[in-house]
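*Asks:* Structure: query_24.tsv, TSV, C-alpha atoms.
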chain	number	residue	atom	x	y	z
S	666	MET	CA	-24.39	-32.90	240.08
S	667	ASN	CA	-27.11	-33.31	242.70
S	668	HIS	CA	-26.57	-33.29	246.46
S	669	LEU	CA	-26.60	-37.09	246.76
S	670	ASP	CA	-24.00	-37.55	244.01
S	671	ARG	CA	-21.73	-34.92	245.59
S	672	ARG	CA	-21.97	-36.65	248.95
S	673	LEU	CA	-21.35	-40.09	247.48
S	674	ARG	CA	-18.38	-38.88	245.44
S	675	THR	CA	-16.75	-37.69	248.67
S	676	ARG	CA	-17.53	-40.98	250.38
S	677	LEU	CA	-16.12	-42.97	247.45
S	678	GLU	CA	-12.93	-40.90	247.43
S	679	THR	CA	-12.52	-41.67	251.13
S	680	LEU	CA	-12.91	-45.39	250.46
S	681	GLU	CA	-10.40	-45.16	247.64
S	682	GLY	CA	-7.84	-43.52	249.89
S	683	ALA	CA	-8.28	-46.22	252.52
S	684	GLY	CA	-7.87	-49.03	250.00
S	685	LEU	CA	-11.51	-50.03	250.47
S	686	SER	CA	-13.09	-49.23	247.09
S	687	ARG	CA	-14.84	-52.12	245.37
S	688	VAL	CA	-15.48	-52.81	241.69
S	689	PRO	CA	-16.65	-56.24	240.45
S	690	PRO	CA	-14.09	-57.84	238.11
S	691	SER	CA	-15.54	-58.09	234.60
S	692	ILE	CA	-15.47	-61.83	233.89
S	693	THR	CA	-16.14	-63.34	230.47
S	694	GLU	CA	-15.80	-66.74	228.76
S	695	ARG	CA	-15.95	-68.74	231.98
S	696	ASP	CA	-15.10	-72.43	231.64
S	697	GLY	CA	-14.71	-73.89	235.10
S	698	VAL	CA	-11.77	-72.19	236.81
S	699	ARG	CA	-10.57	-70.69	233.51
S	700	TYR	CA	-11.98	-67.34	232.34
S	701	ARG	CA	-10.97	-63.89	231.19
S	702	ILE	CA	-10.78	-60.62	233.15
S	703	HIS	CA	-10.54	-57.53	230.93
S	704	ASP	CA	-9.50	-59.86	228.09
S	705	ARG	CA	-6.71	-61.39	230.20
S	706	PRO	CA	-6.84	-65.22	230.49
S	707	VAL	CA	-6.68	-66.30	234.13
S	708	VAL	CA	-7.15	-69.29	236.39
S	709	GLY	CA	-9.37	-68.45	239.35
S	710	PHE	CA	-8.54	-69.40	242.94
S	711	CYS	CA	-11.35	-67.51	244.71
S	712	SER	CA	-14.58	-69.26	243.66
S	713	ASN	CA	-16.95	-71.01	246.05
S	714	ASP	CA	-17.83	-73.59	243.38
S	715	TYR	CA	-16.02	-76.18	245.49
S	716	LEU	CA	-17.11	-79.27	243.56
S	717	GLY	CA	-16.89	-77.60	240.15
S	718	LEU	CA	-20.53	-78.15	239.22
S	719	ALA	CA	-21.41	-74.61	238.09
S	720	ASN	CA	-20.33	-75.29	234.50
S	721	HIS	CA	-21.28	-78.96	234.37
S	722	PRO	CA	-22.26	-79.72	230.74
S	723	SER	CA	-25.33	-81.73	231.74
S	724	PHE	CA	-27.13	-78.57	232.89
S	725	ALA	CA	-27.33	-77.47	229.25
S	726	GLY	CA	-29.42	-80.54	228.43
S	727	LEU	CA	-32.16	-79.84	230.96
S	728	ALA	CA	-35.63	-79.34	229.53
S	729	PRO	CA	-36.70	-75.69	229.91
S	730	THR	CA	-39.25	-74.82	232.58
S	731	GLY	CA	-41.01	-71.58	233.43
S	732	SER	CA	-38.68	-68.69	234.17
S	733	GLY	CA	-40.69	-67.22	237.04
S	734	ALA	CA	-42.81	-68.42	239.95
S	735	THR	CA	-45.20	-65.46	239.27
S	736	ALA	CA	-45.97	-64.68	242.94
S	737	SER	CA	-45.20	-65.45	246.56
S	738	ARG	CA	-45.44	-69.15	247.23
S	739	LEU	CA	-48.26	-68.36	249.66
S	740	VAL	CA	-50.29	-66.85	246.81
S	741	CYS	CA	-49.84	-68.89	243.62
S	742	GLY	CA	-46.08	-69.40	243.35
S	743	ASP	CA	-45.73	-72.78	245.08
S	744	LEU	CA	-44.70	-75.17	242.32
S	745	PRO	CA	-43.82	-78.88	241.99
S	746	GLU	CA	-40.14	-78.00	241.37
S	747	HIS	CA	-39.97	-76.26	244.75
S	748	ARG	CA	-41.61	-79.09	246.63
S	749	ARG	CA	-39.45	-81.80	245.03
S	750	VAL	CA	-36.24	-79.91	245.80
S	751	GLU	CA	-37.30	-79.28	249.40
S	752	ALA	CA	-38.02	-82.97	249.94
S	753	ARG	CA	-34.59	-83.95	248.56
S	754	LEU	CA	-32.78	-81.31	250.61
S	755	ALA	CA	-34.49	-82.47	253.80
S	756	GLU	CA	-33.39	-86.01	252.97
S	757	LEU	CA	-29.79	-84.90	252.52
S	758	ALA	CA	-29.88	-82.88	255.74
S	759	GLY	CA	-31.51	-85.70	257.69
S	760	THR	CA	-34.47	-83.56	258.76
S	761	GLU	CA	-38.23	-83.82	258.46
S	762	SER	CA	-38.63	-80.82	256.20
S	763	ALA	CA	-36.88	-77.97	254.38
S	764	VAL	CA	-37.78	-74.55	252.95
S	765	LEU	CA	-36.25	-73.08	249.80
S	766	PHE	CA	-35.15	-69.43	249.55
S	767	PRO	CA	-33.70	-67.43	246.63
S	768	SER	CA	-30.50	-66.60	248.59
S	769	GLY	CA	-28.74	-67.27	251.87
S	770	PHE	CA	-28.90	-63.61	252.87
S	771	GLN	CA	-32.64	-63.51	252.28
S	772	LEU	CA	-33.00	-66.69	254.32
S	773	ASN	CA	-31.07	-65.54	257.38
S	774	VAL	CA	-32.67	-62.11	257.62
S	775	GLY	CA	-36.09	-63.77	257.50
S	776	VAL	CA	-35.70	-67.00	259.45
S	777	LEU	CA	-33.77	-65.70	262.47
S	778	PRO	CA	-36.34	-63.05	263.44
S	779	ALA	CA	-39.14	-65.52	262.78
S	780	LEU	CA	-37.74	-68.08	265.23
S	781	ILE	CA	-36.02	-66.04	267.93
S	782	GLU	CA	-38.19	-64.27	270.49
S	783	ALA	CA	-37.20	-61.21	272.52
S	784	THR	CA	-36.96	-63.24	275.73
S	785	ASP	CA	-34.62	-65.84	274.20
S	786	ARG	CA	-30.93	-65.84	274.97
S	787	VAL	CA	-28.68	-65.65	271.91
S	788	SER	CA	-24.94	-66.33	271.58
S	789	SER	CA	-23.33	-65.47	268.24
S	790	ASP	CA	-19.74	-66.05	267.05
S	791	ALA	CA	-17.83	-62.82	266.44
S	792	LEU	CA	-16.90	-63.87	262.88
S	793	ASN	CA	-20.38	-64.84	261.74
S	794	HIS	CA	-21.45	-63.81	258.25
S	795	ALA	CA	-23.12	-60.42	257.75
S	796	SER	CA	-26.46	-62.09	256.95
S	797	LEU	CA	-26.47	-63.76	260.38
S	798	ILE	CA	-25.58	-60.48	262.09
S	799	ASP	CA	-28.33	-58.59	260.27
S	800	GLY	CA	-30.87	-61.34	260.92
S	801	LEU	CA	-30.10	-61.18	264.65
S	802	ARG	CA	-30.50	-57.40	264.64
S	803	LEU	CA	-33.99	-57.86	263.21
S	804	ALA	CA	-34.77	-60.49	265.83
S	805	ARG	CA	-34.64	-57.83	268.59
S	806	ALA	CA	-33.26	-60.23	271.18
S	807	GLN	CA	-30.26	-59.54	273.39
S	808	VAL	CA	-27.23	-60.96	271.59
S	809	GLU	CA	-24.02	-62.03	273.30
S	810	VAL	CA	-21.12	-61.86	270.83
S	811	LEU	CA	-18.69	-64.68	271.54
S	812	PRO	CA	-14.95	-64.41	270.86
S	813	HIS	CA	-14.35	-66.44	267.72
S	814	GLY	CA	-14.17	-70.16	268.33
S	815	THR	CA	-15.46	-70.10	271.90
S	816	ALA	CA	-18.58	-71.81	273.23
S	817	PRO	CA	-21.41	-69.95	274.98
S	818	PRO	CA	-21.89	-70.20	278.73
S	819	ALA	CA	-24.03	-72.98	280.12
S	820	VAL	CA	-27.65	-73.06	279.01
S	821	GLY	CA	-29.60	-70.91	281.45
S	822	GLU	CA	-33.19	-70.19	282.42
S	823	ALA	CA	-34.23	-68.34	279.26
S	824	PRO	CA	-37.06	-69.92	277.25
S	825	LEU	CA	-34.46	-70.92	274.66
S	826	HIS	CA	-30.71	-70.36	274.51
S	827	TRP	CA	-29.66	-70.12	270.86
S	828	TRP	CA	-26.12	-70.64	269.60
S	829	VAL	CA	-25.89	-69.05	266.16
S	830	THR	CA	-22.73	-69.96	264.26
S	831	GLU	CA	-21.25	-70.89	260.94
S	832	ALA	CA	-20.03	-74.47	260.64
S	833	LEU	CA	-17.15	-73.62	258.29
S	834	PHE	CA	-16.19	-69.96	258.62
S	835	SER	CA	-16.14	-68.42	255.18
S	836	MET	CA	-13.18	-66.07	255.59
S	837	ASP	CA	-10.87	-68.04	257.90
S	838	GLY	CA	-11.53	-71.59	256.70
S	839	ASP	CA	-11.80	-73.02	260.21
S	840	TYR	CA	-14.68	-74.93	261.81
S	841	ALA	CA	-16.90	-74.62	264.85
S	842	ASP	CA	-16.13	-77.10	267.64
S	843	PRO	CA	-18.39	-80.14	267.10
S	844	THR	CA	-17.97	-81.35	270.68
S	845	ALA	CA	-19.11	-78.01	272.08
S	846	LEU	CA	-22.02	-77.87	269.64
S	847	GLY	CA	-23.15	-81.32	270.72
S	848	ALA	CA	-22.90	-80.40	274.41
S	849	HIS	CA	-25.04	-77.29	273.83
S	850	LEU	CA	-27.74	-79.39	272.16
S	851	GLU	CA	-27.64	-82.04	274.88
S	852	ALA	CA	-28.12	-79.35	277.53
S	853	GLY	CA	-31.35	-78.25	275.82
S	854	GLY	CA	-30.01	-75.29	273.85
S	855	GLY	CA	-31.05	-74.37	270.33
S	856	LEU	CA	-28.43	-74.56	267.56
S	857	TYR	CA	-28.76	-72.44	264.42
S	858	LEU	CA	-25.96	-73.84	262.24
S	859	ASP	CA	-25.15	-72.11	258.97
S	860	GLU	CA	-23.52	-74.66	256.63
S	861	ALA	CA	-23.21	-72.31	253.65
S	862	HIS	CA	-19.63	-73.37	252.92
S	863	SER	CA	-19.64	-76.94	254.24
S	864	PHE	CA	-22.81	-78.65	253.07
S	865	GLY	CA	-22.04	-81.18	250.35
S	866	LEU	CA	-18.30	-81.40	251.04
S	867	PHE	CA	-18.47	-84.62	253.04
S	868	THR	CA	-19.96	-88.11	252.78
S	869	ALA	CA	-22.11	-89.54	255.57
S	870	ALA	CA	-21.78	-93.10	256.87
S	871	THR	CA	-24.84	-93.94	254.78
S	872	GLY	CA	-23.01	-92.82	251.64
S	873	ARG	CA	-25.13	-89.72	251.03
S	874	PRO	CA	-23.47	-86.32	250.61
S	875	THR	CA	-23.65	-84.29	253.77
S	876	GLY	CA	-22.14	-81.37	255.60
S	877	PHE	CA	-20.34	-80.64	258.83
S	878	ALA	CA	-23.30	-81.65	261.02
S	879	GLY	CA	-23.77	-84.97	259.25
S	880	ARG	CA	-20.06	-85.70	259.41
S	881	HIS	CA	-20.10	-85.24	263.20
S	882	ASN	CA	-23.49	-86.85	263.82
S	883	LEU	CA	-25.06	-83.59	264.99
S	884	GLN	CA	-28.72	-82.71	264.58
S	885	PRO	CA	-28.98	-78.90	264.75
S	886	THR	CA	-32.28	-77.31	265.71
S	887	VAL	CA	-32.03	-75.40	262.44
S	888	LEU	CA	-29.58	-76.14	259.62
S	889	VAL	CA	-28.93	-73.65	256.83
S	890	GLY	CA	-27.32	-74.52	253.51
S	891	THR	CA	-26.68	-72.61	250.30
S	892	LEU	CA	-27.02	-73.83	246.74
S	893	GLY	CA	-24.52	-71.52	245.06
S	894	LYS	CA	-21.42	-73.24	246.40
S	895	SER	CA	-21.11	-77.05	246.43
S	896	PHE	CA	-24.31	-77.34	244.36
S	897	GLY	CA	-23.06	-74.92	241.70
S	898	CYS	CA	-26.49	-73.29	241.36
S	899	ALA	CA	-28.24	-70.47	243.25
S	900	GLY	CA	-30.43	-70.17	246.32
S	901	ALA	CA	-30.48	-71.49	249.88
S	902	PHE	CA	-32.48	-73.75	252.16
S	903	VAL	CA	-33.32	-74.15	255.83
S	904	ALA	CA	-33.80	-77.69	257.13
S	905	ALA	CA	-35.57	-78.47	260.39
S	906	SER	CA	-38.62	-80.17	261.89
S	907	THR	CA	-41.96	-80.11	260.10
S	908	LEU	CA	-43.38	-77.69	262.67
S	909	THR	CA	-40.40	-75.33	262.41
S	910	CYS	CA	-40.62	-75.24	258.62
S	911	ARG	CA	-44.37	-74.71	258.75
S	912	TRP	CA	-43.79	-71.69	261.02
S	913	ILE	CA	-41.09	-70.33	258.70
S	914	ARG	CA	-43.44	-70.50	255.72
S	915	ALA	CA	-46.07	-68.62	257.69
S	916	CYS	CA	-43.95	-66.02	259.48
S	917	ALA	CA	-40.54	-65.44	257.87
S	918	ARG	CA	-41.11	-62.08	256.19
S	919	SER	CA	-38.53	-62.66	253.45
S	920	PHE	CA	-40.45	-65.83	252.49
S	921	VAL	CA	-43.97	-64.45	252.86
S	922	PHE	CA	-43.36	-61.22	250.95
S	923	SER	CA	-41.10	-62.48	248.14
S	924	THR	CA	-41.84	-64.09	244.81
S	925	GLY	CA	-40.91	-67.77	244.91
S	926	PRO	CA	-37.59	-68.97	243.46
S	927	SER	CA	-37.44	-69.45	239.71
S	928	PRO	CA	-38.72	-72.92	238.75
S	929	MET	CA	-35.89	-73.09	236.20
S	930	ALA	CA	-33.33	-72.52	238.96
S	931	SER	CA	-35.10	-75.12	241.13
S	932	ALA	CA	-34.90	-77.66	238.31
S	933	HIS	CA	-31.15	-77.02	238.14
S	934	VAL	CA	-30.85	-77.59	241.88
S	935	GLU	CA	-32.75	-80.87	241.55
S	936	HIS	CA	-30.29	-81.98	238.89
S	937	ALA	CA	-27.33	-80.86	241.02
S	938	ILE	CA	-28.63	-83.02	243.87
S	939	GLU	CA	-28.60	-86.02	241.53
S	940	LEU	CA	-24.99	-85.27	240.61
S	941	LEU	CA	-23.95	-84.73	244.24
S	942	ALA	CA	-25.64	-87.92	245.42
S	943	GLY	CA	-24.28	-90.09	242.62
S	944	PRO	CA	-20.87	-91.45	241.58
S	945	GLU	CA	-19.86	-88.12	240.08
S	946	GLY	CA	-20.36	-86.40	243.41
S	947	ASP	CA	-18.20	-89.00	245.13
S	948	LEU	CA	-15.42	-88.51	242.58
S	949	ARG	CA	-15.56	-84.74	242.85
S	950	ARG	CA	-15.40	-84.79	246.64
S	951	GLN	CA	-12.37	-87.08	246.43
S	952	GLN	CA	-10.73	-84.77	243.90
S	953	LEU	CA	-11.48	-81.68	245.99
S	954	TRP	CA	-9.83	-83.10	249.10
S	955	ALA	CA	-6.86	-84.36	247.08
S	956	ASN	CA	-6.43	-80.82	245.72
S	957	ILE	CA	-6.74	-79.36	249.21
S	958	ASP	CA	-4.01	-81.71	250.43
S	959	ARG	CA	-1.78	-80.74	247.51
S	960	LEU	CA	-2.02	-76.99	248.11
S	961	ALA	CA	-1.64	-77.50	251.87
S	962	THR	CA	1.58	-79.42	251.24
S	963	HIS	CA	2.92	-76.57	249.11
S	964	LEU	CA	2.04	-74.03	251.80
S	965	ARG	CA	3.36	-76.32	254.57
S	966	VAL	CA	0.14	-76.27	256.57
S	967	SER	CA	-2.31	-78.91	257.77
S	968	PRO	CA	-5.26	-79.27	255.38
S	969	ARG	CA	-8.58	-78.23	256.92
S	970	SER	CA	-11.00	-76.98	254.31
S	971	PRO	CA	-11.16	-75.58	250.75
S	972	ILE	CA	-10.51	-72.10	252.19
S	973	PHE	CA	-6.92	-70.91	252.71
S	974	SER	CA	-6.69	-67.48	254.32
S	975	ILE	CA	-3.41	-65.58	253.87
S	976	ILE	CA	-3.65	-62.59	256.21
S	977	ILE	CA	-1.61	-59.61	255.05
S	978	GLY	CA	-3.03	-56.90	257.31
S	979	ASP	CA	-2.69	-53.73	255.25
S	980	ASN	CA	-5.43	-53.08	252.67
S	981	GLN	CA	-3.17	-51.68	249.98
S	982	ALA	CA	-0.61	-54.47	250.45
S	983	ALA	CA	-3.30	-57.11	250.03
S	984	MET	CA	-4.54	-55.41	246.87
S	985	GLY	CA	-0.99	-55.17	245.56
S	986	LEU	CA	-0.41	-58.88	246.07
S	987	SER	CA	-3.71	-59.66	244.34
S	988	ALA	CA	-2.67	-57.48	241.38
S	989	ALA	CA	0.75	-59.15	241.19
S	990	LEU	CA	-0.89	-62.59	241.04
S	991	LEU	CA	-3.24	-61.36	238.31
S	992	GLU	CA	-0.23	-60.26	236.26
S	993	ARG	CA	0.93	-63.89	236.39
S	994	GLY	CA	-2.46	-65.23	235.36
S	995	TRP	CA	-3.98	-66.04	238.76
S	996	HIS	CA	-7.19	-64.46	240.03
S	997	VAL	CA	-7.44	-64.13	243.82
S	998	GLN	CA	-9.44	-61.20	245.18
S	999	ALA	CA	-8.14	-59.20	248.12
S	1000	ILE	CA	-10.67	-59.37	250.97
S	1001	ARG	CA	-10.80	-56.24	253.10
S	1002	PRO	CA	-12.92	-54.71	255.88
S	1003	PRO	CA	-15.80	-54.73	256.59
S	1004	THR	CA	-15.90	-58.29	255.18
S	1005	VAL	CA	-13.09	-59.13	257.61
S	1006	PRO	CA	-12.01	-57.34	260.81
S	1007	ARG	CA	-9.97	-54.17	260.45
S	1008	GLY	CA	-6.26	-54.85	260.09
S	1009	THR	CA	-6.77	-58.36	258.68
S	1010	ALA	CA	-6.96	-57.73	254.92
S	1011	ARG	CA	-6.10	-60.96	253.20
S	1012	LEU	CA	-6.05	-63.19	250.18
S	1013	ARG	CA	-8.83	-65.74	250.49
S	1014	ILE	CA	-7.71	-68.65	248.33
S	1015	THR	CA	-10.22	-71.39	247.56
S	1016	MET	CA	-9.67	-74.84	246.15
S	1017	THR	CA	-12.12	-76.67	243.88
S	1018	ALA	CA	-12.41	-80.07	242.29
S	1019	SER	CA	-11.89	-78.39	238.89
S	1020	HIS	CA	-8.29	-77.38	239.53
S	1021	ASP	CA	-5.65	-79.67	238.10
S	1022	THR	CA	-2.26	-80.48	239.61
S	1023	THR	CA	-0.35	-78.32	237.11
S	1024	GLN	CA	-2.41	-75.28	238.03
S	1025	ILE	CA	-2.05	-75.89	241.76
S	1026	ASP	CA	1.72	-76.39	241.57
S	1027	ALA	CA	2.33	-73.33	239.40
S	1028	PHE	CA	0.05	-71.11	241.48
S	1029	ALA	CA	1.70	-72.18	244.74
S	1030	THR	CA	5.15	-71.46	243.31
S	1031	ASP	CA	4.16	-67.95	242.25
S	1032	LEU	CA	2.36	-67.24	245.53
S	1033	ARG	CA	5.33	-68.30	247.63
S	1034	GLU	CA	7.70	-66.29	245.45
S	1035	LEU	CA	5.61	-63.12	245.71
S	1036	LEU	CA	5.14	-63.49	249.45
S	1037	ALA	CA	8.86	-63.98	249.98
S	1038	ALA	CA	9.78	-61.05	247.74
S	1039	ASP	CA	7.23	-58.45	248.81
S	1040	HIS	CA	5.69	-59.55	252.06
S	1041	GLY	CA	8.34	-61.46	253.93
S	1042	ASP	CA	8.16	-59.03	256.85
S	1043	LEU	CA	4.39	-59.37	257.27
S	1044	THR	CA	2.61	-61.81	259.57
S	1045	CYS	CA	0.55	-64.31	257.57
S	1046	ARG	CA	-2.02	-66.75	258.83
S	1047	TYR	CA	0.00	-69.55	257.23
S	1048	LYS	CA	3.76	-69.77	257.53
S	1049	ILE	CA	5.05	-69.65	253.97
S	1050	GLY	CA	8.38	-71.22	253.25
Once you've parsed the file, please lay out its structure as structure tokens.

*Replies:*
Amino acid sequence: MNHLDRRLRTRLETLEGAGLSRVPPSITERDGVRYRIHDRPVVGFCSNDYLGLANHPSFAGLAPTGSGATASRLVCGDLPEHRRVEARLAELAGTESAVLFPSGFQLNVGVLPALIEATDRVSSDALNHASLIDGLRLARAQVEVLPHGTAPPAVGEAPLHWWVTEALFSMDGDYADPTALGAHLEAGGGLYLDEAHSFGLFTAATGRPTGFAGRHNLQPTVLVGTLGKSFGCAGAFVAASTLTCRWIRACARSFVFSTGPSPMASAHVEHAIELLAGPEGDLRRQQLWANIDRLATHLRVSPRSPIFSIIIGDNQAAMGLSAALLERGWHVQAIRPPTVPRGTARLRITMTASHDTTQIDAFATDLRELLAADHGDLTCRYKIG
């Protein structure tokens, strides 16, 4: 065993003892929310496929396109599929332009340092996603970390005062304050709004699918959306003014120095947009929110989003509850630090349009029973029973 392996074995043993080891569950035979883990049939309640489009049968009928873009889009990888998808995404976001990226992480670590200058003022929510945190580190500006859910101080004399925040927070299931966001924009501040988990969940007054910003009539300076959640595909996009997107294409290092997204994946995104913007998208959004209401009623909480966060606290206890649910046929991963703050290990339960009422009712019954039996003395984010 070489020196690196010896060191990493020690580190992994430490993680194991702290209840922080991680192994991807081996999933096979996926059909919507039904699949198998180690040959055990389960119903999943931890997917971000909120509208249930990832396994939509119409994707199988798409005509094949090239598998690779062959180069950076600035060399010879800029293809019609990319340009069509960007135009449609800008239309959905209500912006002049959009830029496609292979992933949300790649987008944030490239776009933030491309737009933020060292003399800018930056306020960032304490519970922002790791990709936002890492992007701000690369930006080299002074960052003020805001207590979660609070607004930054008044816009000052800096060239630009950025507020960087998620719209729907991925681990807690709560939203940024739309009134405070609007006030920041009106005062001349810049708003970098990451809608990874909210874009596509709502319907604008015009009837088009939209996100948190569209629902609240906000026009962020920069809007970020992902394509692996409500769209059921893969990738991400940034939507902004024509000038901003032109600068991103020229200066965002993760765009300049990366091969363009697969044209096959882009064709799938284009098809997903058609589904989202059509009658099927309307029906799926209605079904999603009906399912959210149903689970919220079972858990005796007010419905807010597809994300229900049951905070357990202890890492091993959260893993034990996850294992107990798996024994009953329900897959919910335990989320532990550093994904969430220390001492807030939890079950992150997500609702989709693909769940049916029988599944929701049975899952809620088992969850409440297990919480009452094994975790009744622990403080949970939601009061159970």

*Asks:* I'd like the interatomic distance between CA of Leu888 in chain S and CA of Phe973 in chain S, to a tenth of an Å.

*Replies:*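 Distance between the two atoms: 24.3 Å.
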
*Asks:* Please provide the set of residues having any atom within 8 Å of range 987-992 of chain S, restricted to all atoms listed in the file, with same-chain residues fewer than 2 positions apart removed, written as a PDB file with C-alpha atoms, in the coordinates of the input.

*Replies:*
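Resulting contents of around14.pdb:
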ATOM      1  CA  VAL S 707      -6.680 -66.300 234.130  1.00  0.00           C
ATOM      2  CA  ALA S 983      -3.300 -57.110 250.030  1.00  0.00           C
ATOM      3  CA  MET S 984      -4.540 -55.410 246.870  1.00  0.00           C
ATOM      4  CA  GLY S 985      -0.990 -55.170 245.560  1.00  0.00           C
ATOM      5  CA  GLY S 994      -2.460 -65.230 235.360  1.00  0.00           C
ATOM      6  CA  TRP S 995      -3.980 -66.040 238.760  1.00  0.00           C
ATOM      7  CA  HIS S 996      -7.190 -64.460 240.030  1.00  0.00           C
ATOM      8  CA  VAL S 997      -7.440 -64.130 243.820  1.00  0.00           C
ATOM      9  CA  GLN S 998      -9.440 -61.200 245.180  1.00  0.00           C
ATOM     10  CA  ALA S 999      -8.140 -59.200 248.120  1.00  0.00           C
ATOM     11  CA  LEU S1012      -6.050 -63.190 250.180  1.00  0.00           C
ATOM     12  CA  ASP S1031       4.160 -67.950 242.250  1.00  0.00           C
ATOM     13  CA  LEU S1032       2.360 -67.240 245.530  1.00  0.00           C
ATOM     14  CA  LEU S1035       5.610 -63.120 245.710  1.00  0.00           C
TER      15      LEU S1035
END

*Asks:* Rounded to one decimal in Å, what is the spacing between CA of Arg672 in chain S and CA of Ser686 in chain S?

*Replies:*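 Atom-to-atom, CA of Arg672 in chain S to CA of Ser686 in chain S, that is 15.5 Å.
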
*Asks:* Hey, can you check how far CA of Arg880 in chain S sits from CA of Gly943 in chain S?

*Replies:*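 Taking CA of Arg880 in chain S as the start and CA of Gly943 in chain S as the end point, the length is 17.9 Å.
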
*Asks:* Find the residues near range 892-896 of chain S: any atom within 10 Å, counting all atoms listed in the file, skip ones fewer than 2 places away on the same chain, and give them as a short mmCIF file (atom, residue, chain, number, x, y, z; two decimals) with C-alpha atoms, in the coordinates of the input.

*Replies:*
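Wrote it out as result26.cif, contents follow:
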data_model
loop_
_atom_site.label_atom_id
_atom_site.label_comp_id
_atom_site.auth_asym_id
_atom_site.auth_seq_id
_atom_site.Cartn_x
_atom_site.Cartn_y
_atom_site.Cartn_z
CA SER S 712 -14.58 -69.26 243.66
CA ASN S 713 -16.95 -71.01 246.05
CA ASP S 714 -17.83 -73.59 243.38
CA TYR S 715 -16.02 -76.18 245.49
CA LEU S 716 -17.11 -79.27 243.56
CA GLY S 717 -16.89 -77.60 240.15
CA LEU S 718 -20.53 -78.15 239.22
CA ALA S 719 -21.41 -74.61 238.09
CA LEU S 765 -36.25 -73.08 249.80
CA PHE S 766 -35.15 -69.43 249.55
CA PRO S 767 -33.70 -67.43 246.63
CA SER S 768 -30.50 -66.60 248.59
CA GLY S 769 -28.74 -67.27 251.87
CA ALA S 861 -23.21 -72.31 253.65
CA HIS S 862 -19.63 -73.37 252.92
CA SER S 863 -19.64 -76.94 254.24
CA PHE S 864 -22.81 -78.65 253.07
CA GLY S 865 -22.04 -81.18 250.35
CA LEU S 866 -18.30 -81.40 251.04
CA GLY S 890 -27.32 -74.52 253.51
CA CYS S 898 -26.49 -73.29 241.36
CA ALA S 899 -28.24 -70.47 243.25
CA GLY S 900 -30.43 -70.17 246.32
CA ALA S 901 -30.48 -71.49 249.88
CA PHE S 902 -32.48 -73.75 252.16
CA SER S 931 -35.10 -75.12 241.13
CA HIS S 933 -31.15 -77.02 238.14
CA VAL S 934 -30.85 -77.59 241.88
CA GLU S 935 -32.75 -80.87 241.55
CA HIS S 936 -30.29 -81.98 238.89
CA ALA S 937 -27.33 -80.86 241.02
CA ILE S 938 -28.63 -83.02 243.87
CA LEU S 940 -24.99 -85.27 240.61
CA LEU S 941 -23.95 -84.73 244.24
CA GLY S 946 -20.36 -86.40 243.41
CA ARG S 950 -15.40 -84.79 246.64
CA THR S 1017 -12.12 -76.67 243.88
#

*Asks:* When you look at Leu850 in chain S with a cut-off of 12 Å (counting all atoms listed in the file), what residues show up, excluding the ones that are within fewer than 6 positions of it in the same chain? I need them as a list in words.

*Replies:*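 Answer for this query is Ala816, Pro817, Ala819, Val820, Leu825, His826, Trp827, Trp828, Pro843, Thr844, Leu856, Tyr857, Leu858, Asn882, Leu883, Gln884, Pro885, Thr886 and Val887 of chain S.
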
*Asks:* For the contact check between range 889-975 of chain S and range 835-838 of chain S, emit one row per residue of range 889-975 of chain S within 7 Å, containing the shortest atom pair and the distance in Å rounded to one decimal, counting all atoms listed in the file, chain then rising number order, as a tab-separated table.

*Replies:*
residue	atom	partner	partner_atom	distance
S:Ser970	CA	S:Gly838	CA	5.9
S:Ile972	CA	S:Gly838	CA	4.7
S:Phe973	CA	S:Gly838	CA	6.1
S:Ser974	CA	S:Asp837	CA	5.5

*Asks:* Write out, as a JSON list (two decimals), in the frame of the given file, the residues just selected, with C-alpha atoms.

*Replies:*
[["chain", "number", "residue", "atom", "x", "y", "z"],
["S", 970, "SER", "CA", -11.00, -76.98, 254.31],
["S", 972, "ILE", "CA", -10.51, -72.10, 252.19],
["S", 973, "PHE", "CA", -6.92, -70.91, 252.71],
["S", 974, "SER", "CA", -6.69, -67.48, 254.32]]

*Asks:* Under the rule that all atoms listed in the file are counted, which of S:Thr693, S:Asn667, S:Ser732, S:Thr679 is the nearest residue to Ala930 in chain S?

*Replies:*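 That would be S:Ser732, the residue with the smallest distance to Ala930 in chain S.
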